[in-house]
Each structure stands twice: as C-alpha cells, then as structure tokens.
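Working notes for the structure below.
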Amino acid sequence: MMKFVKFAFLTIAVIAIVFSCKRDDDPVAFAELRDRGEQQIEDDAALVAFLSTHFYNYEDFDLVNPESPANDAVRVSFDTIAGVNADKTPLINQVEVRTTTFQDVEYKYYVLKVREGGGESYTSFDQVDLVYHGQLLDLETFDLRLTQIQIPLVSAAASTVRGFQLGLPEFKTAENIVEDENGFLQPRNGGIGAIFLPSGLGYFNLIEPGIPEYSPLIFSFNLFDVVYLDIEPDGLLSSMEDLDNDNDVSNDDTDGDGFPDFRDSDDDGDGTPTINEVELNVYTVNPGEMEPTYAANEIVKTRDTDSDGVTTISTVVLTDTDGDGIPDYLDAN
C-alpha cells in the first residue's frame, strides 16, 4: 500500500476562504455582537430544520462497498425532500451529532460520514489536501474547490474555522493517489463526507464575502493527503504541543511569553531553542526487516511507505537530562 504522507517544517500562509483571510488592504469588518449562547440555539434549530428537509445524493454512491473505486470521484451534493424526491431519506437520519465547548459555549455540529477513508489519520493541527464545497443553508455556494488544494488546519497566523478544524480529522486520507482516464488526480479510498456547522464554529459576526454574518455553514469534501506540520519549526509536530490535550494548541504557553508553544521556538524560555533540547532520529526499514526498537521517551512523528515497500520513520526523543520527569524542552531549570 502506497502512502502519500508528508512531514513539513512550515510557517504556513493563510490560504482559502476557510481561513477568514482578507487582502492586506481590506479592513476586517464585524457585525453587531450577539450573545453566543442565544445564537447557538437559533443556529441549531436552523441546522436541524435543514437536515430534516434535505437529503444527500446517497444513490450516487456504492454504500454497500464504500471502499469501491466507483466512489472516488463522486462529490456529495444536497437537495430538498419534495416532489419527485419526497421519498428520500433525510440527512437528520444519517448524520452524527457532535458537541464541543468553544468560548464558554457548548455547541452542536453534525457530521455526515459517507466514507471514513483508508489512509492516514491526522490531527486538527496538520495540513490536508482535498477538494471541497462551502455552502450556506439555502445551498448557495460561497466557496468551491474542484481541484486539489492544501489547507493547514492551524498555521502561524491563524486557524481554520473551528468546526472545520474539529470535524475534518474524523476522516482519513486516501490510500494513494491515482490518475484517472482524463488525466486528473483522484484519491483512492479517501474520506468523503460533510460537516454542518453553527455560526459560532464558523465566522460568527465576521463579515465575509458571500457569507452573511451569523450564518451556519456546510462543508462537503473528498480527502487526498496530509502533511504533518511543525509550524516553528522546533522538531516537535504542532500536534505534540497540545500539552493539556484539549484539542487547542493556542492555549499552551509553557514559558508564559504570550506565544503558544506551537509558535514558540523556545518553549520553556531558557534561552536554548527547543530543537536543541530534543533528539531527532530517522529510521529506514526495508521490506522484511524488523521495526526499530524505540527508547522509552521516543515518539514516532511520521512514517511513510513508498511504492517499493521501504518505510521511513521519523521520531523525536524527549530527553530529560536531570531526570526530574520534565523533558528538557519544557524545563527551564
């Protein structure tokens, strides 16, 4: 099985509309601020109404064999349950409900899993390659990417909309990428689905082109690939810097200098860069060879198997020179 998995030392520029990006000469504009809790109640009612009265094109997919290549190029689309479509199964019977607390408000969002995907897992702090369609609840399009685009779910400058960042990692990447008869790249057995978000996990009161303030959002997508990010870079994946495991790297700031660890090249503020307080290793495993033996404090960051079956594994050793149980890169003493 060929895995197209990459590892990047990147400071990512914010790209695509899901980053609330504006040109340098465009002022950021906000609508009058509403109460988040009250808005969530209103948005959830709107989402439930949509999901109860709309269906997705499930008949275009081979759901008996989700991994079928026939599904690879099919895109999720939506329509109203009415007229000739009166007998369709509503989305409300097919989505999964998720809850999350964001800015002290408990939010509901909804995930449609057409196919989980057979490739790599990743986190809310990595970069995904995908095609996607962004829509409002009236099915108006605010963004459409029909060719593969790379989107960092977190970057040195900002993050994607929170719901997109939370929902996408429920899906895996493609097992590999193949060229179809028309010369287009297609993901083989990649994740396919959609996420339905309240405005509080979207743009909320931020005024965006084509997106009215306080708009619930729909993102449907087909996944290709992943790049595991190290934003600084400091030798640690950004996902490894979520020290409190709350799925938010922006609030982990070991030295209290105002820069979260994933954006801080010296996490503990002791004057020694983090990259000099860890050990980085790379192992190559040929077909038939044994896996390497790792140290107790050694963590696998990435592994990539090429078409010849050769696996490259990158790791980081969290050294603890004084043996106090605190890794050197977090120990200012």
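By convention here, the chains of the structure tokens are called A, B, ... in the order presented, each chain's residues are numbered starting at 1, and ligands are numbered starting at 1 in the order presented.
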**DSSP-assigned helix (DSSP H, G or I) among range 61-286 of chain A, expressed as an MDAnalysis selection string** = chainID A and resid 69:71 83:85 91:93 162:170 199:201 238:241 249:251 261:263 274:276
**Request:** List every residue of range 76-222 of chain A that DSSP, applied to the backbone, labels as strand (DSSP E or B), and write the result as number ranges by chain.
**Result:** A: 78-80, 96-102, 105-115, 127-135, 141-152, 154, 159, 176-179, 185-188, 192-197, 206, 208, 211, 217-222
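Straight-line separation from CA of Asp180 in chain A to CA of Asp79 in chain A: 27.9 Å.
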Can I get the residues of range 60-178 of chain A within 10 Å of range 193-210 of chain A, each with the closest pair of atoms and their distance in Å to one decimal, using only C-alpha atoms, sorted chain first then ascending number, as a tab-separated table?
residue	atom	partner	partner_atom	distance
A:Arg75	CA	A:Gly193	CA	8.7
A:Val76	CA	A:Gly193	CA	6.9
A:Ser77	CA	A:Ala194	CA	9.4
A:Val95	CA	A:Ile195	CA	9.0
A:Glu96	CA	A:Ile195	CA	9.7
A:Val97	CA	A:Phe196	CA	9.7
A:Thr100	CA	A:Leu201	CA	9.4
A:Thr101	CA	A:Leu201	CA	9.9
A:Phe102	CA	A:Leu201	CA	7.8
A:Gln103	CA	A:Gly200	CA	9.0
A:Val105	CA	A:Gly200	CA	8.8
A:Glu106	CA	A:Gly200	CA	9.8
A:Tyr107	CA	A:Pro198	CA	7.6
A:Lys108	CA	A:Pro198	CA	7.4
A:Tyr109	CA	A:Leu197	CA	5.1
A:Tyr110	CA	A:Phe196	CA	5.0
A:Val111	CA	A:Ile195	CA	4.7
A:Leu112	CA	A:Ala194	CA	5.0
A:Lys113	CA	A:Gly193	CA	4.8
A:Val114	CA	A:Gly193	CA	5.1
A:Arg115	CA	A:Gly193	CA	6.6
A:Glu116	CA	A:Gly193	CA	7.9
A:Gly117	CA	A:Gly193	CA	9.8
A:Tyr132	CA	A:Ala194	CA	9.1
A:His133	CA	A:Ala194	CA	9.1
A:Gly134	CA	A:Ala194	CA	9.7
A:Gln135	CA	A:Phe196	CA	9.6
A:Leu136	CA	A:Gly210	CA	9.2
A:Leu137	CA	A:Phe196	CA	9.1
A:Glu140	CA	A:Gly210	CA	8.8
A:Thr141	CA	A:Gly210	CA	8.1
A:Phe142	CA	A:Gly210	CA	5.4
A:Asp143	CA	A:Gly210	CA	8.6
A:Thr160	CA	A:Gly202	CA	8.7
A:Val161	CA	A:Gly202	CA	5.0
A:Arg162	CA	A:Leu201	CA	5.0
A:Gly163	CA	A:Leu201	CA	4.8
A:Phe164	CA	A:Ile195	CA	7.3
A:Gln165	CA	A:Leu201	CA	9.3
A:Leu166	CA	A:Leu201	CA	9.3
A:Gly167	CA	A:Ile195	CA	6.5
A:Leu168	CA	A:Ile195	CA	7.9
A:Glu170	CA	A:Gly193	CA	9.7
A:Phe171	CA	A:Gly193	CA	8.0
Those selected residues, please, written with N, CA and C atoms and delivered as a compact mmCIF listing (two decimals), in the first residue's frame.
# COMPACT_ATOMS: atom_id res chain seq x y z
N ARG A 75 -18.85 13.42 -5.75
CA ARG A 75 -18.91 14.50 -4.79
C ARG A 75 -20.26 14.52 -4.09
N VAL A 76 -20.28 14.87 -2.84
CA VAL A 76 -21.52 14.99 -2.09
C VAL A 76 -22.28 16.23 -2.55
N SER A 77 -23.58 16.08 -2.77
CA SER A 77 -24.45 17.21 -3.09
C SER A 77 -25.75 17.06 -2.33
N VAL A 95 -26.73 11.70 9.80
CA VAL A 95 -25.59 12.42 10.38
C VAL A 95 -25.33 11.95 11.80
N GLU A 96 -24.13 12.26 12.28
CA GLU A 96 -23.76 12.01 13.66
C GLU A 96 -23.61 13.35 14.37
N VAL A 97 -24.13 13.42 15.59
CA VAL A 97 -24.11 14.67 16.36
C VAL A 97 -22.81 14.75 17.16
N THR A 100 -19.08 20.30 21.35
CA THR A 100 -17.79 20.85 21.75
C THR A 100 -18.03 22.15 22.49
N THR A 101 -17.15 22.48 23.40
CA THR A 101 -17.22 23.76 24.09
C THR A 101 -16.21 24.71 23.47
N PHE A 102 -16.69 25.87 23.05
CA PHE A 102 -15.84 26.86 22.40
C PHE A 102 -16.25 28.23 22.92
N GLN A 103 -15.29 28.97 23.42
CA GLN A 103 -15.55 30.28 24.00
C GLN A 103 -16.68 30.22 25.03
N VAL A 105 -19.16 28.27 25.39
CA VAL A 105 -20.49 27.88 24.93
C VAL A 105 -20.42 26.46 24.40
N GLU A 106 -21.41 25.63 24.75
CA GLU A 106 -21.47 24.28 24.21
C GLU A 106 -22.19 24.31 22.87
N TYR A 107 -21.49 23.82 21.86
CA TYR A 107 -22.02 23.83 20.50
C TYR A 107 -22.31 22.42 20.03
N LYS A 108 -23.33 22.31 19.17
CA LYS A 108 -23.58 21.09 18.43
C LYS A 108 -23.19 21.31 16.97
N TYR A 109 -22.56 20.29 16.40
CA TYR A 109 -22.37 20.28 14.95
C TYR A 109 -22.62 18.86 14.47
N TYR A 110 -22.75 18.70 13.17
CA TYR A 110 -23.22 17.44 12.62
C TYR A 110 -22.26 16.97 11.53
N VAL A 111 -21.98 15.67 11.54
CA VAL A 111 -21.01 15.08 10.62
C VAL A 111 -21.68 14.00 9.79
N LEU A 112 -21.55 14.10 8.49
CA LEU A 112 -22.03 13.07 7.56
C LEU A 112 -20.83 12.27 7.08
N LYS A 113 -20.79 10.99 7.43
CA LYS A 113 -19.69 10.13 7.01
C LYS A 113 -20.15 9.21 5.89
N VAL A 114 -19.87 9.62 4.67
CA VAL A 114 -20.14 8.75 3.53
C VAL A 114 -19.10 7.64 3.48
N ARG A 115 -17.84 8.03 3.70
CA ARG A 115 -16.74 7.06 3.75
C ARG A 115 -15.64 7.63 4.64
N GLU A 116 -15.21 6.85 5.60
CA GLU A 116 -14.18 7.33 6.52
C GLU A 116 -12.85 7.51 5.82
N GLY A 117 -12.52 6.64 4.87
CA GLY A 117 -11.23 6.68 4.20
C GLY A 117 -10.31 5.61 4.73
N TYR A 132 -13.26 20.61 -1.95
CA TYR A 132 -14.38 20.86 -1.05
C TYR A 132 -15.36 21.85 -1.64
N HIS A 133 -16.54 21.91 -1.02
CA HIS A 133 -17.61 22.80 -1.43
C HIS A 133 -18.17 23.45 -0.17
N GLY A 134 -18.13 24.78 -0.11
CA GLY A 134 -18.70 25.51 1.01
C GLY A 134 -20.03 26.12 0.63
N GLN A 135 -21.07 25.84 1.42
CA GLN A 135 -22.42 26.31 1.11
C GLN A 135 -23.11 26.87 2.36
N LEU A 136 -24.09 27.73 2.11
CA LEU A 136 -24.99 28.18 3.15
C LEU A 136 -26.18 27.24 3.22
N LEU A 137 -27.07 27.45 4.17
CA LEU A 137 -28.21 26.54 4.32
C LEU A 137 -29.23 26.67 3.19
N GLU A 140 -26.67 28.07 -1.36
CA GLU A 140 -25.84 28.98 -2.13
C GLU A 140 -24.37 28.67 -1.86
N THR A 141 -23.55 28.72 -2.90
CA THR A 141 -22.12 28.42 -2.78
C THR A 141 -21.35 29.67 -2.38
N PHE A 142 -20.51 29.56 -1.35
CA PHE A 142 -19.59 30.66 -1.04
C PHE A 142 -18.15 30.29 -1.35
N ASP A 143 -17.88 29.02 -1.55
CA ASP A 143 -16.53 28.61 -1.95
C ASP A 143 -16.60 27.23 -2.58
N THR A 160 -8.23 27.54 10.86
CA THR A 160 -9.44 27.49 10.07
C THR A 160 -10.62 27.76 10.99
N VAL A 161 -11.81 27.85 10.40
CA VAL A 161 -12.99 27.95 11.24
C VAL A 161 -12.99 26.74 12.17
N ARG A 162 -13.41 26.96 13.40
CA ARG A 162 -13.24 25.95 14.44
C ARG A 162 -13.93 24.63 14.09
N GLY A 163 -15.13 24.70 13.55
CA GLY A 163 -15.85 23.46 13.24
C GLY A 163 -15.18 22.65 12.16
N PHE A 164 -14.61 23.31 11.17
CA PHE A 164 -13.88 22.62 10.11
C PHE A 164 -12.66 21.93 10.70
N GLN A 165 -11.98 22.62 11.60
CA GLN A 165 -10.79 22.09 12.24
C GLN A 165 -11.12 20.87 13.10
N LEU A 166 -12.29 20.87 13.75
CA LEU A 166 -12.69 19.76 14.60
C LEU A 166 -13.22 18.58 13.81
N GLY A 167 -14.00 18.86 12.78
CA GLY A 167 -14.71 17.80 12.07
C GLY A 167 -13.88 17.03 11.08
N LEU A 168 -12.96 17.70 10.41
CA LEU A 168 -12.23 17.04 9.32
C LEU A 168 -11.39 15.85 9.79
N GLU A 170 -12.00 13.53 11.60
CA GLU A 170 -12.77 12.29 11.73
C GLU A 170 -12.65 11.43 10.48
N PHE A 171 -12.08 12.01 9.42
CA PHE A 171 -11.93 11.31 8.16
C PHE A 171 -10.45 11.08 7.87
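Residues within 7 Å of range 65-71 of chain A, counting only C-alpha atoms and excluding same-chain residues fewer than 3 positions away, are Phe61, Asp62, Val74, Arg115, Arg188 and Asn189 of chain A.
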Can I get the selected residues back with all heavy atoms, as a PDB file, in the first residue's frame?
ATOM      1  N   PHE A  61     -23.620   6.874  -4.675  1.00  0.00           N
ATOM      2  CA  PHE A  61     -22.504   6.165  -4.050  1.00  0.00           C
ATOM      3  C   PHE A  61     -22.835   4.679  -3.915  1.00  0.00           C
ATOM      4  O   PHE A  61     -23.995   4.295  -3.763  1.00  0.00           O
ATOM      5  CB  PHE A  61     -22.228   6.724  -2.650  1.00  0.00           C
ATOM      6  CG  PHE A  61     -21.683   8.121  -2.645  1.00  0.00           C
ATOM      7  CD1 PHE A  61     -22.542   9.208  -2.569  1.00  0.00           C
ATOM      8  CD2 PHE A  61     -20.317   8.354  -2.709  1.00  0.00           C
ATOM      9  CE1 PHE A  61     -22.055  10.505  -2.551  1.00  0.00           C
ATOM     10  CE2 PHE A  61     -19.817   9.652  -2.681  1.00  0.00           C
ATOM     11  CZ  PHE A  61     -20.683  10.725  -2.614  1.00  0.00           C
ATOM     12  N   ASP A  62     -21.797   3.873  -3.959  1.00  0.00           N
ATOM     13  CA  ASP A  62     -21.935   2.451  -3.642  1.00  0.00           C
ATOM     14  C   ASP A  62     -21.719   2.306  -2.139  1.00  0.00           C
ATOM     15  O   ASP A  62     -20.595   2.149  -1.663  1.00  0.00           O
ATOM     16  CB  ASP A  62     -20.899   1.632  -4.422  1.00  0.00           C
ATOM     17  CG  ASP A  62     -21.012   0.130  -4.142  1.00  0.00           C
ATOM     18  OD1 ASP A  62     -21.848  -0.269  -3.301  1.00  0.00           O
ATOM     19  OD2 ASP A  62     -20.257  -0.648  -4.763  1.00  0.00           O
ATOM     20  N   VAL A  74     -16.907  10.716  -6.864  1.00  0.00           N
ATOM     21  CA  VAL A  74     -18.252  11.230  -6.618  1.00  0.00           C
ATOM     22  C   VAL A  74     -18.192  12.297  -5.527  1.00  0.00           C
ATOM     23  O   VAL A  74     -17.537  12.116  -4.498  1.00  0.00           O
ATOM     24  CB  VAL A  74     -19.217  10.104  -6.200  1.00  0.00           C
ATOM     25  CG1 VAL A  74     -20.629  10.659  -6.023  1.00  0.00           C
ATOM     26  CG2 VAL A  74     -19.205   8.983  -7.240  1.00  0.00           C
ATOM     27  N   ARG A 115     -17.836   8.027   3.696  1.00  0.00           N
ATOM     28  CA  ARG A 115     -16.739   7.060   3.751  1.00  0.00           C
ATOM     29  C   ARG A 115     -15.641   7.632   4.641  1.00  0.00           C
ATOM     30  O   ARG A 115     -15.204   8.762   4.443  1.00  0.00           O
ATOM     31  CB  ARG A 115     -16.200   6.779   2.349  1.00  0.00           C
ATOM     32  CG  ARG A 115     -15.084   5.739   2.330  1.00  0.00           C
ATOM     33  CD  ARG A 115     -14.739   5.311   0.908  1.00  0.00           C
ATOM     34  NE  ARG A 115     -14.025   6.324   0.165  1.00  0.00           N
ATOM     35  CZ  ARG A 115     -13.700   6.224  -1.128  1.00  0.00           C
ATOM     36  NH1 ARG A 115     -14.066   5.160  -1.815  1.00  0.00           N
ATOM     37  NH2 ARG A 115     -13.051   7.194  -1.724  1.00  0.00           N
ATOM     38  N   ARG A 188      -7.675   7.481  -3.983  1.00  0.00           N
ATOM     39  CA  ARG A 188      -8.156   6.105  -3.932  1.00  0.00           C
ATOM     40  C   ARG A 188      -8.512   5.779  -2.490  1.00  0.00           C
ATOM     41  O   ARG A 188      -7.680   5.709  -1.625  1.00  0.00           O
ATOM     42  CB  ARG A 188      -7.067   5.172  -4.473  1.00  0.00           C
ATOM     43  CG  ARG A 188      -7.299   3.671  -4.383  1.00  0.00           C
ATOM     44  CD  ARG A 188      -8.263   3.178  -5.451  1.00  0.00           C
ATOM     45  NE  ARG A 188      -9.641   3.421  -5.063  1.00  0.00           N
ATOM     46  CZ  ARG A 188     -10.341   2.661  -4.210  1.00  0.00           C
ATOM     47  NH1 ARG A 188      -9.811   1.581  -3.695  1.00  0.00           N
ATOM     48  NH2 ARG A 188     -11.577   2.966  -3.909  1.00  0.00           N
ATOM     49  N   ASN A 189      -9.825   5.648  -2.254  1.00  0.00           N
ATOM     50  CA  ASN A 189     -10.365   5.320  -0.938  1.00  0.00           C
ATOM     51  C   ASN A 189     -10.039   6.402   0.094  1.00  0.00           C
ATOM     52  O   ASN A 189      -9.603   6.121   1.205  1.00  0.00           O
ATOM     53  CB  ASN A 189      -9.875   3.957  -0.448  1.00  0.00           C
ATOM     54  CG  ASN A 189     -10.663   3.456   0.761  1.00  0.00           C
ATOM     55  OD1 ASN A 189     -11.798   3.865   0.986  1.00  0.00           O
ATOM     56  ND2 ASN A 189     -10.055   2.581   1.540  1.00  0.00           N
TER      57      ASN A 189
END
**Message:** Excluding range 231-240 of chain A and its own-chain neighbours fewer than 5 positions away, which residues fall within 12 Å of it when counting only C-alpha atoms? Please give them as an NGL selection string.
**Reply:** :A and (7-13 or 122-127 or 152-158 or 245-250 or 252 or 259-267 or 272-281 or 298-302 or 314-318 or 329)
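Minimum distance to Ile151 in chain A across A:Asn222, A:Pro212, A:Val227, A:Gly119 (counting only C-alpha atoms) occurs at A:Val227.
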